[in-house]
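Everything on this sheet refers to the single structure shown next.
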Amino acid sequence: HLIRGEMDLMKSLLAQMISLNLSYCTFKDKEFHMLCEVIRQNSTLRDLSLRGNNLSDSDCQILFQAISVHPNLIKVDLTKNPLSATVLP
């Protein structure tokens with residue numbers, strides 16, 4: 001379960017952010033799921049880089065669900081992740 005304080009902190013940090021580069025962070029599952037939830041609730045982010053995070057196809061499915069409702073996100077960089085061609089929209 002995600003700790004509410006961690007979610008609140010991430011939400012406040014991302015509240016006005018336009019660009020976010022989290023390349024080569026190698027997230028743990030909990031962290032990545034938390035990030036996806038915060039992205040889902042954010043409305044200002046336009047550019048997101050998750051390059052080289054060893055994201056799986058299932059990780060990207062979770063991410064795609066989060067960004068599918070995002071009103072302003074224009075660019076998502078998923079290069080250098082071991083993704084199959086079928087996962088990309």
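All residue names refer to the structure tokens as shown: chains lettered A, B, ... in order, residues numbered from 1 in each chain, ligands numbered from 1 in order.
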Item to check | helix (DSSP H, G or I) call set, DSSP backbone run, chain A, as a PyMOL selection string | outcome: chain A and resi 4-14+29-41+57-67
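Excluding A:Gln65 itself and any same-chain residue fewer than 5 positions from it, the protein and nucleic acid residues within 9 Å of it, counting only C-alpha atoms, are Cys36, Arg40 and Cys60 of chain A.
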Deliver the residues from the most recent selection as a file, using N, CA, C and O atoms, as a tab-separated table (two decimals), in the first residue's frame.
chain	number	residue	atom	x	y	z
A	36	CYS	N	2.91	6.80	-11.41
A	36	CYS	CA	1.81	6.73	-12.37
A	36	CYS	C	0.53	7.34	-11.80
A	36	CYS	O	-0.19	8.06	-12.51
A	40	ARG	N	-1.36	10.65	-13.23
A	40	ARG	CA	-2.79	10.61	-13.56
A	40	ARG	C	-3.52	11.83	-12.99
A	40	ARG	O	-4.43	12.38	-13.61
A	60	CYS	N	4.52	-0.40	-18.60
A	60	CYS	CA	4.06	0.59	-19.58
A	60	CYS	C	2.55	0.56	-19.75
A	60	CYS	O	1.95	1.60	-20.00
Next on the checklist: Just the number, please: distance in Å from atom CA of A:Pro82 to atom CA of A:His70, one decimal.
Outcome noted: 24.2 Å
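If you look at atom CA of A:His33 and atom CA of A:Asp59, they are 8.3 Å away from each other.
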